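Next comes target_11.cif, with mmCIF, C-alpha atoms.
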```cif
data_upload
loop_
_atom_site.group_PDB
_atom_site.id
_atom_site.type_symbol
_atom_site.label_atom_id
_atom_site.label_comp_id
_atom_site.auth_asym_id
_atom_site.auth_seq_id
_atom_site.Cartn_x
_atom_site.Cartn_y
_atom_site.Cartn_z
ATOM 1 C CA MET W 465 0.000 0.000 0.000
ATOM 2 C CA GLU W 466 2.782 2.385 0.879
ATOM 3 C CA LYS W 467 4.460 1.657 -2.432
ATOM 4 C CA LEU W 468 1.226 2.506 -4.269
ATOM 5 C CA VAL W 469 0.917 5.845 -2.479
ATOM 6 C CA THR W 470 4.513 6.643 -3.214
ATOM 7 C CA ARG W 471 4.049 5.858 -6.876
ATOM 8 C CA LEU W 472 0.928 8.039 -7.063
ATOM 9 C CA THR W 473 2.781 10.902 -5.416
ATOM 10 C CA ILE W 474 5.630 10.639 -7.893
ATOM 11 C CA VAL W 475 3.214 10.580 -10.829
ATOM 12 C CA THR W 476 1.399 13.627 -9.461
ATOM 13 C CA LEU W 477 4.645 15.553 -9.107
ATOM 14 C CA LEU W 478 5.720 14.596 -12.602
ATOM 15 C CA LEU W 479 2.422 15.751 -14.067
ATOM 16 C CA ALA W 480 2.663 19.032 -12.164
ATOM 17 C CA GLY W 481 6.148 19.582 -13.538
ATOM 18 C CA VAL W 482 5.008 18.917 -17.073
ATOM 19 C CA ALA W 483 2.143 21.395 -16.637
ATOM 20 C CA LEU W 484 4.517 23.976 -15.227
ATOM 21 C CA PHE W 485 6.912 23.762 -18.141
ATOM 22 C CA ALA W 486 4.070 23.630 -20.656
ATOM 23 C CA ALA W 487 2.530 26.904 -19.372
ATOM 24 C CA PRO W 488 3.398 29.975 -21.534
ATOM 25 C CA LEU W 489 5.973 32.398 -20.133
ATOM 26 C CA CYS W 490 4.580 35.931 -19.309
ATOM 27 C CA SER W 491 6.292 38.826 -21.218
ATOM 28 C CA PRO W 492 6.452 42.227 -19.490
ATOM 29 C CA PRO W 493 4.400 44.979 -21.219
ATOM 30 C CA GLU W 494 6.196 47.380 -23.555
ATOM 31 C CA GLU W 495 6.839 50.996 -22.569
ATOM 32 C CA VAL W 496 4.276 53.261 -24.280
ATOM 33 C CA CYS W 497 6.615 56.308 -24.103
ATOM 34 C CA ASP W 498 4.056 59.115 -23.994
ATOM 35 C CA ASN W 499 1.527 58.276 -21.295
ATOM 36 C CA GLY W 500 3.421 59.112 -18.099
ATOM 37 C CA ILE W 501 3.276 55.478 -16.927
ATOM 38 C CA ASP W 502 6.073 52.996 -16.264
ATOM 39 C CA ASP W 503 4.461 50.373 -18.478
ATOM 40 C CA ASP W 504 7.374 47.890 -18.481
ATOM 41 C CA ASP W 505 8.009 48.140 -14.718
ATOM 42 C CA ASP W 506 11.683 49.001 -15.119
ATOM 43 C CA GLY W 507 11.406 52.087 -12.927
ATOM 44 C CA LEU W 508 11.697 54.482 -15.872
ATOM 45 C CA ILE W 509 8.879 56.470 -17.463
ATOM 46 C CA ASP W 510 8.542 57.635 -21.091
ATOM 47 C CA CYS W 511 11.693 59.409 -22.316
ATOM 48 C CA ASN W 512 13.541 58.555 -19.111
ATOM 49 C CA ASP W 513 13.397 55.034 -20.456
ATOM 50 C CA VAL W 514 15.866 55.816 -23.246
ATOM 51 C CA GLU W 515 16.607 52.210 -24.080
ATOM 52 C CA ASP W 516 12.994 51.468 -24.940
ATOM 53 C CA CYS W 517 11.741 54.878 -26.129
ATOM 54 C CA LEU W 518 14.484 56.360 -28.330
ATOM 55 C CA ASP W 519 12.982 57.083 -31.774
ATOM 56 C CA VAL W 520 9.905 55.002 -31.047
ATOM 57 C CA ILE W 521 7.641 58.005 -31.690
ATOM 58 C CA ALA W 522 8.344 60.457 -34.523
ATOM 59 C CA GLU W 523 9.143 64.050 -33.522
ATOM 60 C CA VAL W 524 6.055 66.229 -34.021
ATOM 61 C CA CYS W 525 8.129 69.453 -34.405
ATOM 62 C CA ASP W 526 5.588 72.014 -33.224
ATOM 63 C CA ASP W 527 4.244 70.831 -29.868
ATOM 64 C CA GLY W 528 7.132 71.677 -27.522
ATOM 65 C CA ILE W 529 7.596 68.001 -26.608
ATOM 66 C CA ASP W 530 10.582 65.715 -27.158
ATOM 67 C CA ASN W 531 8.428 63.086 -28.837
ATOM 68 C CA ASP W 532 11.254 60.861 -30.097
ATOM 69 C CA CYS W 533 13.138 60.997 -26.784
ATOM 70 C CA ASP W 534 16.462 62.089 -28.264
ATOM 71 C CA GLY W 535 16.764 65.022 -25.869
ATOM 72 C CA ASP W 536 15.713 67.694 -28.379
ATOM 73 C CA ALA W 537 12.243 69.142 -28.913
ATOM 74 C CA ASP W 538 10.807 70.762 -32.043
ATOM 75 C CA CYS W 539 13.323 72.886 -33.979
ATOM 76 C CA ALA W 540 16.169 71.866 -31.653
ATOM 77 C CA ASP W 541 15.798 68.399 -33.176
ATOM 78 C CA SER W 542 17.556 67.942 -36.517
ATOM 79 C CA ASP W 543 14.702 65.671 -37.574
ATOM 80 C CA CYS W 544 12.514 68.784 -37.864
ATOM 81 C CA LEU W 545 14.442 70.651 -40.567
ATOM 82 C CA ASP W 546 11.928 71.227 -43.382
ATOM 83 C CA ALA W 547 9.533 68.728 -41.817
ATOM 84 C CA ILE W 548 6.824 71.431 -41.771
ATOM 85 C CA VAL W 549 6.236 73.966 -44.552
ATOM 86 C CA GLU W 550 6.946 77.591 -43.571
ATOM 87 C CA THR W 551 3.649 79.417 -43.071
ATOM 88 C CA CYS W 552 5.215 82.827 -43.820
ATOM 89 C CA ASP W 553 2.852 85.030 -41.823
ATOM 90 C CA ASP W 554 2.705 83.720 -38.257
ATOM 91 C CA GLY W 555 6.050 84.822 -36.797
ATOM 92 C CA ILE W 556 7.080 81.188 -36.247
ATOM 93 C CA ASP W 557 10.015 79.287 -37.729
ATOM 94 C CA ASN W 558 7.782 76.467 -38.959
ATOM 95 C CA ASP W 559 10.372 74.674 -41.092
ATOM 96 C CA CYS W 560 13.098 74.954 -38.444
ATOM 97 C CA ASP W 561 15.710 76.552 -40.690
ATOM 98 C CA GLY W 562 16.331 79.404 -38.256
ATOM 99 C CA LYS W 563 14.349 81.969 -40.257
ATOM 100 C CA THR W 564 10.799 83.187 -39.783
ATOM 101 C CA ASP W 565 8.322 84.521 -42.316
ATOM 102 C CA CYS W 566 9.943 86.914 -44.811
ATOM 103 C CA GLU W 567 13.434 86.192 -43.460
ATOM 104 C CA ASP W 568 12.999 82.750 -45.011
ATOM 105 C CA PRO W 569 13.645 82.634 -48.785
ATOM 106 C CA ASP W 570 11.019 79.897 -48.974
ATOM 107 C CA CYS W 571 8.407 82.634 -48.470
ATOM 108 C CA LEU W 572 9.109 84.715 -51.573
ATOM 109 C CA ASN W 573 5.815 85.129 -53.459
ATOM 110 C CA VAL W 574 4.088 82.419 -51.414
ATOM 111 C CA ILE W 575 1.384 84.848 -50.240
ATOM 112 C CA VAL W 576 -0.223 87.357 -52.602
ATOM 113 C CA GLU W 577 0.497 90.997 -51.720
ATOM 114 C CA ASP W 578 -2.541 92.572 -50.054
ATOM 115 C CA CYS W 579 -1.696 96.091 -51.349
ATOM 116 C CA SER W 580 -3.514 97.963 -48.595
ATOM 117 C CA ASP W 581 -2.323 96.624 -45.229
ATOM 118 C CA ASP W 582 1.233 98.057 -44.999
ATOM 119 C CA ILE W 583 2.616 94.501 -44.749
ATOM 120 C CA ASP W 584 5.099 92.867 -47.115
ATOM 121 C CA ASN W 585 2.846 89.854 -47.682
ATOM 122 C CA ASP W 586 4.757 88.368 -50.625
ATOM 123 C CA CYS W 587 8.148 88.874 -48.960
ATOM 124 C CA ASP W 588 9.780 90.727 -51.851
ATOM 125 C CA GLY W 589 10.887 93.616 -49.647
ATOM 126 C CA LYS W 590 8.144 95.981 -50.823
ATOM 127 C CA THR W 591 4.800 96.849 -49.283
ATOM 128 C CA ASP W 592 1.545 97.921 -50.879
ATOM 129 C CA CYS W 593 1.987 100.462 -53.685
ATOM 130 C CA GLU W 594 5.788 100.150 -53.539
ATOM 131 C CA ASP W 595 5.280 96.643 -54.934
ATOM 132 C CA GLU W 596 4.857 96.408 -58.696
ATOM 133 C CA ASN W 597 2.619 93.386 -58.114
ATOM 134 C CA CYS W 598 0.008 95.790 -56.744
ATOM 135 C CA PHE W 599 -0.586 97.535 -60.052
ATOM 136 C CA GLY W 600 -3.043 96.121 -62.564
ATOM 137 C CA SER W 601 -3.106 96.465 -66.318
ATOM 138 C CA GLY W 602 -6.861 96.815 -66.786
ATOM 139 C CA PRO W 603 -9.036 99.922 -67.033
ATOM 140 C CA SER W 604 -8.521 102.495 -64.312
ATOM 141 C CA LYS W 605 -10.802 102.321 -61.277
ATOM 142 C CA VAL W 606 -10.175 105.958 -60.322
ATOM 143 C CA VAL W 607 -13.350 108.032 -60.582
ATOM 144 C CA ILE W 608 -14.588 111.530 -59.897
ATOM 145 C CA ASN W 609 -16.238 110.545 -56.648
ATOM 146 C CA GLU W 610 -17.498 113.810 -55.168
ATOM 147 C CA PHE W 611 -17.208 117.559 -55.692
ATOM 148 C CA ILE W 612 -18.623 120.837 -54.479
ATOM 149 C CA TYR W 613 -19.159 123.555 -57.057
ATOM 150 C CA ASN W 614 -21.131 126.122 -55.048
ATOM 151 C CA PRO W 615 -19.702 126.230 -51.515
ATOM 152 C CA PHE W 616 -20.287 128.808 -48.860
ATOM 153 C CA GLY W 617 -17.402 131.232 -48.643
ATOM 154 C CA LEU W 618 -14.720 131.996 -51.199
ATOM 155 C CA GLU W 619 -15.241 129.669 -54.141
ATOM 156 C CA THR W 620 -11.667 129.677 -55.402
ATOM 157 C CA SER W 621 -10.451 128.180 -52.117
ATOM 158 C CA ASN W 622 -13.516 126.230 -50.955
ATOM 159 C CA GLU W 623 -14.302 124.293 -54.132
ATOM 160 C CA TRP W 624 -12.801 120.823 -54.441
ATOM 161 C CA VAL W 625 -13.003 117.663 -56.517
ATOM 162 C CA GLU W 626 -12.506 114.278 -54.866
ATOM 163 C CA LEU W 627 -10.904 111.492 -56.918
ATOM 164 C CA CYS W 628 -11.147 107.966 -55.506
ATOM 165 C CA ASN W 629 -9.678 104.625 -56.459
ATOM 166 C CA LEU W 630 -12.557 102.156 -56.170
ATOM 167 C CA GLY W 631 -10.368 99.173 -57.022
ATOM 168 C CA ASP W 632 -8.360 96.732 -54.911
ATOM 169 C CA LEU W 633 -5.075 97.520 -56.671
ATOM 170 C CA CYS W 634 -2.895 100.617 -56.694
ATOM 171 C CA GLU W 635 -3.307 103.124 -59.515
ATOM 172 C CA ASP W 636 -0.547 105.286 -60.975
ATOM 173 C CA LEU W 637 -2.064 108.446 -62.442
ATOM 174 C CA SER W 638 1.245 110.151 -63.109
ATOM 175 C CA GLY W 639 0.734 112.277 -66.212
ATOM 176 C CA ALA W 640 -3.054 111.953 -66.084
ATOM 177 C CA ARG W 641 -5.081 115.067 -66.842
ATOM 178 C CA ILE W 642 -8.177 116.750 -65.498
ATOM 179 C CA LYS W 643 -10.158 119.738 -66.700
ATOM 180 C CA ASP W 644 -13.527 121.399 -66.635
ATOM 181 C CA ALA W 645 -15.334 122.766 -69.678
ATOM 182 C CA SER W 646 -13.500 126.090 -69.498
ATOM 183 C CA ASN W 647 -9.987 124.575 -69.450
ATOM 184 C CA LEU W 648 -8.313 124.524 -72.830
ATOM 185 C CA ASP W 649 -5.098 123.361 -71.162
ATOM 186 C CA PRO W 650 -5.822 120.582 -68.620
ATOM 187 C CA THR W 651 -4.023 120.150 -65.320
ATOM 188 C CA VAL W 652 -1.436 117.358 -65.575
ATOM 189 C CA PHE W 653 -0.761 115.267 -62.484
ATOM 190 C CA PRO W 654 2.880 115.116 -61.351
ATOM 191 C CA ALA W 655 5.035 111.997 -61.227
ATOM 192 C CA GLN W 656 4.277 109.524 -58.453
ATOM 193 C CA THR W 657 0.596 110.410 -58.287
ATOM 194 C CA ILE W 658 -0.278 107.051 -56.767
ATOM 195 C CA PHE W 659 -3.746 106.131 -55.548
ATOM 196 C CA ARG W 660 -3.882 103.414 -52.917
ATOM 197 C CA PRO W 661 -6.753 100.914 -53.105
ATOM 198 C CA ARG W 662 -10.042 102.382 -51.877
ATOM 199 C CA ALA W 663 -8.329 105.705 -51.194
ATOM 200 C CA CYS W 664 -9.102 109.253 -52.305
ATOM 201 C CA LYS W 665 -7.262 112.457 -53.165
ATOM 202 C CA ILE W 666 -8.619 116.000 -53.119
ATOM 203 C CA LEU W 667 -7.980 118.369 -56.032
ATOM 204 C CA SER W 668 -8.441 122.076 -55.350
ATOM 205 C CA ASN W 669 -6.934 125.501 -55.998
ATOM 206 C CA ASN W 670 -5.052 125.310 -52.710
ATOM 207 C CA THR W 671 -1.455 124.272 -52.137
ATOM 208 C CA PRO W 672 -0.961 120.500 -51.707
ATOM 209 C CA GLY W 673 -0.657 119.684 -48.019
ATOM 210 C CA SER W 674 -2.721 122.684 -46.942
ATOM 211 C CA THR W 675 -6.058 122.407 -45.162
ATOM 212 C CA VAL W 676 -8.923 124.799 -45.853
ATOM 213 C CA CYS W 677 -12.287 124.357 -44.124
ATOM 214 C CA ASN W 678 -11.075 120.984 -42.798
ATOM 215 C CA VAL W 679 -10.340 119.736 -46.318
ATOM 216 C CA LEU W 680 -6.784 118.534 -46.993
ATOM 217 C CA THR W 681 -5.610 119.227 -50.542
ATOM 218 C CA ASN W 682 -3.513 116.557 -52.292
ATOM 219 C CA LEU W 683 -3.493 117.856 -55.873
ATOM 220 C CA GLN W 684 -3.664 121.418 -57.213
ATOM 221 C CA TRP W 685 -5.223 122.813 -60.367
ATOM 222 C CA ARG W 686 -2.577 124.115 -62.790
ATOM 223 C CA VAL W 687 -4.347 127.473 -62.852
ATOM 224 C CA PRO W 688 -7.171 128.538 -60.511
ATOM 225 C CA VAL W 689 -10.430 126.921 -61.587
ATOM 226 C CA THR W 690 -13.912 128.005 -60.579
ATOM 227 C CA LEU W 691 -16.606 125.475 -61.445
ATOM 228 C CA ASN W 692 -19.629 127.055 -63.115
ATOM 229 C CA ASN W 693 -22.517 127.595 -60.704
ATOM 230 C CA ALA W 694 -25.147 129.094 -62.974
ATOM 231 C CA GLU W 695 -24.991 126.996 -66.116
ATOM 232 C CA GLY W 696 -23.379 123.847 -64.795
ATOM 233 C CA ASP W 697 -20.120 122.351 -65.953
ATOM 234 C CA THR W 698 -18.349 119.166 -67.038
ATOM 235 C CA ILE W 699 -15.357 117.709 -65.205
ATOM 236 C CA THR W 700 -13.268 115.233 -67.177
ATOM 237 C CA LEU W 701 -10.501 112.967 -65.873
ATOM 238 C CA MET W 702 -8.226 111.527 -68.570
ATOM 239 C CA ASP W 703 -5.247 109.199 -68.595
ATOM 240 C CA ALA W 704 -1.832 110.303 -69.837
ATOM 241 C CA ASP W 705 -2.870 109.486 -73.411
ATOM 242 C CA GLY W 706 -5.984 111.649 -73.266
ATOM 243 C CA ASN W 707 -8.476 108.800 -72.895
ATOM 244 C CA THR W 708 -11.408 109.608 -70.617
ATOM 245 C CA ILE W 709 -11.316 107.706 -67.319
ATOM 246 C CA SER W 710 -14.210 109.418 -65.565
ATOM 247 C CA GLU W 711 -16.493 112.309 -66.439
ATOM 248 C CA VAL W 712 -19.418 114.099 -64.846
ATOM 249 C CA SER W 713 -21.693 116.838 -66.143
ATOM 250 C CA TYR W 714 -24.044 118.746 -63.879
ATOM 251 C CA THR W 715 -26.577 121.548 -64.128
ATOM 252 C CA GLY W 716 -26.474 124.709 -62.070
ATOM 253 C CA ASP W 717 -29.347 123.568 -59.869
ATOM 254 C CA ALA W 718 -27.986 120.065 -59.194
ATOM 255 C CA ALA W 719 -27.170 120.924 -55.584
ATOM 256 C CA GLU W 720 -28.046 123.596 -53.080
ATOM 257 C CA GLU W 721 -25.419 126.088 -52.021
ATOM 258 C CA GLY W 722 -23.027 124.518 -49.539
ATOM 259 C CA PHE W 723 -23.758 120.899 -50.537
ATOM 260 C CA SER W 724 -21.557 118.535 -52.522
ATOM 261 C CA LEU W 725 -22.575 116.097 -55.240
ATOM 262 C CA GLU W 726 -21.429 112.528 -54.683
ATOM 263 C CA ARG W 727 -21.232 109.527 -56.945
ATOM 264 C CA CYS W 728 -23.733 106.727 -56.368
ATOM 265 C CA LEU W 729 -25.128 103.926 -58.502
ATOM 266 C CA ASP W 730 -28.710 103.862 -59.696
ATOM 267 C CA SER W 731 -30.917 100.768 -59.895
ATOM 268 C CA ASN W 732 -29.274 99.832 -63.201
ATOM 269 C CA GLY W 733 -25.797 100.086 -61.727
ATOM 270 C CA ASP W 734 -24.984 103.276 -63.600
ATOM 271 C CA PRO W 735 -23.215 106.132 -61.800
ATOM 272 C CA VAL W 736 -25.287 109.167 -60.846
ATOM 273 C CA TYR W 737 -24.301 112.225 -58.838
ATOM 274 C CA VAL W 738 -26.651 113.234 -56.054
ATOM 275 C CA GLN W 739 -26.652 115.936 -53.410
ATOM 276 C CA THR W 740 -25.199 114.680 -50.171
ATOM 277 C CA SER W 741 -27.090 114.937 -46.905
ATOM 278 C CA ALA W 742 -23.932 114.724 -44.851
ATOM 279 C CA SER W 743 -23.313 116.822 -41.799
ATOM 280 C CA VAL W 744 -21.158 119.927 -42.065
ATOM 281 C CA TYR W 745 -17.470 119.185 -42.639
ATOM 282 C CA GLY W 746 -16.253 122.788 -42.450
ATOM 283 C CA CYS W 747 -17.183 126.404 -43.217
ATOM 284 C CA GLU W 748 -20.875 125.403 -43.083
ATOM 285 C CA ASN W 749 -20.420 123.192 -46.153
ATOM 286 C CA SER W 750 -21.767 119.616 -46.196
ATOM 287 C CA GLY W 751 -20.104 116.602 -47.785
ATOM 288 C CA THR W 752 -17.638 113.793 -47.174
ATOM 289 C CA PRO W 753 -14.336 114.952 -48.702
ATOM 290 C CA GLY W 754 -11.681 112.269 -48.343
ATOM 291 C CA ALA W 755 -14.142 109.766 -46.858
ATOM 292 C CA LEU W 756 -16.560 107.161 -48.158
ATOM 293 C CA ASN W 757 -19.712 108.447 -49.765
ATOM 294 C CA LEU W 758 -23.011 108.228 -47.922
ATOM 295 C CA CYS W 759 -24.754 106.279 -50.666
ATOM 296 C CA SER W 760 -24.704 102.590 -49.832
ATOM 297 C CA VAL W 761 -23.903 101.201 -53.290
ATOM 298 C CA GLN W 762 -20.427 101.625 -54.775
ATOM 299 C CA GLU W 763 -18.621 99.739 -57.521
#
```

Translate this file's structure into structure tokens.
Amino acid sequence: MEKLVTRLTIVTLLLAGVALFAAPLCSPPEEVCDNGIDDDDDGLIDCNDVEDCLDVIAEVCDDGIDNDCDGDADCADSDCLDAIVETCDDGIDNDCDGKTDCEDPDCLNVIVEDCSDDIDNDCDGKTDCEDENCFGSGPSKVVINEFIYNPFGLETSNEWVELCNLGDLCEDLSGARIKDASNLDPTVFPAQTIFRPRACKILSNNTPGSTVCNVLTNLQWRVPVTLNNAEGDTITLMDADGNTISEVSYTGDAAEEGFSLERCLDSNGDPVYVQTSASVYGCENSGTPGALNLCSVQE
């Protein structure tokens, strides 16, 4: 009986040993490297576990984190050179070449020049109307936008004609001409008569840079001009070749004394000149010289 028990015990132990060796061995979990946990139980977490985490995760290059655990984050990591395209307008060295925005030659002509924001958008070293890219080749968008022909006070100094560029590009009117019906010899604009987009200039008998009745003069008639009050008049703006750019004719009763006529568009989209109802801008005269017209529709 004792021998039988002994034999059974031996068999049981042998079977237990076989089961033990047949059981699969447990592998420790791998280090995840970006979760703040010591996954592999080696006492080291994420990038502190250099042996397991070096170059496991690709460097992101713009998150301030050493993703690949090589000790360098973002642009300090050589892996980031040209990994991201330079944005060119955010003040950040996106492509990690040590240069930001327009300092980076990659940014030349990447962004179209805005022409009216005083920023060198296309990174060619020129802003707005200094940039030849801001000048178009199509028909001029400069128009006779507003004028006052019968102001209160001295007419030779208080009359003015407002010219506005209604386009989104700069306009060079150097050598352009303007006249009224009585001018046999038109006034020729000087060199560098540049109109910024959506900007206006005032033409009057006064010296450029002077202000009369709160109106700043930018351009001066060649000889003193007095627009006809009684019979009306025609004002014609021409390019340097004599082609008409903008023209307006009015009758003597088109506006009350002290009120300007401003350019609006009628229901057909055609320009018409109507008396402004603006508040007084100076010397009891009403209008919007140098500012947007009151009519809501413009080209």

As a check of understanding, name the residues that the PyMOL selection byres ((chain W and resi 653) around 8) selects in the supplied structure, as a PDB file with C-alpha atoms, in the frame of the given file.
```
ATOM      1  CA  LEU W 637      -2.064 108.446 -62.442  1.00  0.00           C
ATOM      2  CA  SER W 638       1.245 110.151 -63.109  1.00  0.00           C
ATOM      3  CA  GLY W 639       0.734 112.277 -66.212  1.00  0.00           C
ATOM      4  CA  ALA W 640      -3.054 111.953 -66.084  1.00  0.00           C
ATOM      5  CA  ARG W 641      -5.081 115.067 -66.842  1.00  0.00           C
ATOM      6  CA  THR W 651      -4.023 120.150 -65.320  1.00  0.00           C
ATOM      7  CA  VAL W 652      -1.436 117.358 -65.575  1.00  0.00           C
ATOM      8  CA  PRO W 654       2.880 115.116 -61.351  1.00  0.00           C
ATOM      9  CA  ALA W 655       5.035 111.997 -61.227  1.00  0.00           C
ATOM     10  CA  THR W 657       0.596 110.410 -58.287  1.00  0.00           C
ATOM     11  CA  LEU W 683      -3.493 117.856 -55.873  1.00  0.00           C
TER      12      LEU W 683
END
```

Edge lengths and centre, in Å to one decimal, as lines of an AutoDock Vina configuration file: that's what I need for the box along x, y and z that holds all listed atoms of range 700-715 of chain W plus 3 Å on each side.
```
center_x = -14.2
center_y = 114.6
center_z = -68.6
size_x = 30.7
size_y = 19.8
size_z = 15.5
```

| message | Once the PyMOL selection byres ((chain W and resi 521) around 10) is applied to the coordinates I shared, what remains selected? I want it as a list in words. | response | Val496, Cys497, Asp498, Cys517, Leu518, Asp519, Val520, Ala522, Glu523, Val524, Asp530, Asn531, Asp532 and Cys533 of chain W

| query | Within 8 Å of range 719-732 of chain W, counting only C-alpha atoms, which residues qualify if same-chain residues fewer than 5 places away don't, as a ChimeraX atom specification? | reply | /W:608-616,737-741,748-751,757,759-763

Selected by the PyMOL selection byres ((chain W and resi 704-714) around 7) in the shown coordinates: which residues, as a PDB file with C-alpha atoms, in the coordinates of the input?
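Result file is result-v5.pdb:
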```pdb
ATOM      1  CA  SER W 604      -8.521 102.495 -64.312  1.00  0.00           C
ATOM      2  CA  VAL W 607     -13.350 108.032 -60.582  1.00  0.00           C
ATOM      3  CA  ILE W 608     -14.588 111.530 -59.897  1.00  0.00           C
ATOM      4  CA  GLY W 639       0.734 112.277 -66.212  1.00  0.00           C
ATOM      5  CA  ALA W 640      -3.054 111.953 -66.084  1.00  0.00           C
ATOM      6  CA  ARG W 641      -5.081 115.067 -66.842  1.00  0.00           C
ATOM      7  CA  GLY W 696     -23.379 123.847 -64.795  1.00  0.00           C
ATOM      8  CA  ASP W 697     -20.120 122.351 -65.953  1.00  0.00           C
ATOM      9  CA  THR W 698     -18.349 119.166 -67.038  1.00  0.00           C
ATOM     10  CA  ILE W 699     -15.357 117.709 -65.205  1.00  0.00           C
ATOM     11  CA  THR W 700     -13.268 115.233 -67.177  1.00  0.00           C
ATOM     12  CA  LEU W 701     -10.501 112.967 -65.873  1.00  0.00           C
ATOM     13  CA  MET W 702      -8.226 111.527 -68.570  1.00  0.00           C
ATOM     14  CA  ASP W 703      -5.247 109.199 -68.595  1.00  0.00           C
ATOM     15  CA  THR W 715     -26.577 121.548 -64.128  1.00  0.00           C
ATOM     16  CA  GLY W 716     -26.474 124.709 -62.070  1.00  0.00           C
ATOM     17  CA  ALA W 718     -27.986 120.065 -59.194  1.00  0.00           C
TER      18      ALA W 718
END
```

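Computed from the coordinates, the CA of Cys571 in chain W to CA of Cys598 in chain W distance equals 17.7 Å.
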
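Between Asn512 in chain W and the candidates W:Pro493, W:Pro650, W:Gly600, W:Gly535, the tightest atom-to-atom separation, counting all atoms listed in the file, involves W:Gly535.
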
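For the pair CA of Gln656 in chain W and CA of Trp624 in chain W, the separation is 20.9 Å.
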
| query | Contacts of Asp584 in chain W at 10 Å or less, counting all atoms listed in the file, minus same-chain residues fewer than 4 places along, as a count of residues only? | reply | 14

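Straight-line separation from CA of Val574 in chain W to CA of Asp538 in chain W: 23.6 Å.
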
| Hey, what's within 9 Å of Leu756 in chain W if we count only C-alpha atoms and toss same-chain stuff fewer than 3 positions away? As a PyMOL selection string, please? | chain W and resi 662-664+752-753+759

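Ranking W:Lys665, W:Leu648, W:Asp536, W:Asp570 by their shortest atom-to-atom distance to Thr551 in chain W, with all atoms listed in the file included, puts W:Asp570 first.
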
Atoms added to range 712-723 of chain W (N, CA, C and O atoms), reported as a tab-separated table (two decimals), in the frame of the given file:
```
chain	number	residue	atom	x	y	z
W	712	VAL	N	-18.12	113.76	-65.41
W	712	VAL	CA	-19.42	114.10	-64.85
W	712	VAL	C	-19.84	115.47	-65.36
W	712	VAL	O	-19.03	116.40	-65.42
W	713	SER	N	-21.10	115.56	-65.76
W	713	SER	CA	-21.69	116.84	-66.14
W	713	SER	C	-22.83	117.13	-65.18
W	713	SER	O	-23.56	116.22	-64.76
W	714	TYR	N	-22.98	118.38	-64.82
W	714	TYR	CA	-24.04	118.75	-63.88
W	714	TYR	C	-24.68	120.05	-64.32
W	714	TYR	O	-24.09	120.84	-65.08
W	715	THR	N	-25.88	120.29	-63.87
W	715	THR	CA	-26.58	121.55	-64.13
W	715	THR	C	-26.40	122.47	-62.93
W	715	THR	O	-26.03	122.03	-61.83
W	716	GLY	N	-26.69	123.73	-63.13
W	716	GLY	CA	-26.47	124.71	-62.07
W	716	GLY	C	-27.32	124.47	-60.84
W	716	GLY	O	-26.95	124.88	-59.73
W	717	ASP	N	-28.46	123.80	-61.01
W	717	ASP	CA	-29.35	123.57	-59.87
W	717	ASP	C	-29.23	122.14	-59.32
W	717	ASP	O	-30.12	121.65	-58.63
W	718	ALA	N	-28.14	121.46	-59.63
W	718	ALA	CA	-27.99	120.06	-59.19
W	718	ALA	C	-27.85	119.94	-57.68
W	718	ALA	O	-28.22	118.92	-57.10
W	719	ALA	N	-27.33	120.97	-57.04
W	719	ALA	CA	-27.17	120.92	-55.58
W	719	ALA	C	-27.41	122.31	-55.01
W	719	ALA	O	-27.18	123.33	-55.67
W	720	GLU	N	-27.87	122.33	-53.77
W	720	GLU	CA	-28.05	123.60	-53.08
W	720	GLU	C	-26.69	124.17	-52.70
W	720	GLU	O	-25.68	123.45	-52.64
W	721	GLU	N	-26.66	125.46	-52.44
W	721	GLU	CA	-25.42	126.09	-52.02
W	721	GLU	C	-24.92	125.42	-50.74
W	721	GLU	O	-25.68	125.18	-49.80
W	722	GLY	N	-23.63	125.11	-50.73
W	722	GLY	CA	-23.03	124.52	-49.54
W	722	GLY	C	-23.11	123.00	-49.47
W	722	GLY	O	-22.69	122.41	-48.48
W	723	PHE	N	-23.65	122.36	-50.53
W	723	PHE	CA	-23.76	120.90	-50.54
W	723	PHE	C	-22.96	120.32	-51.71
W	723	PHE	O	-22.96	120.88	-52.81
```
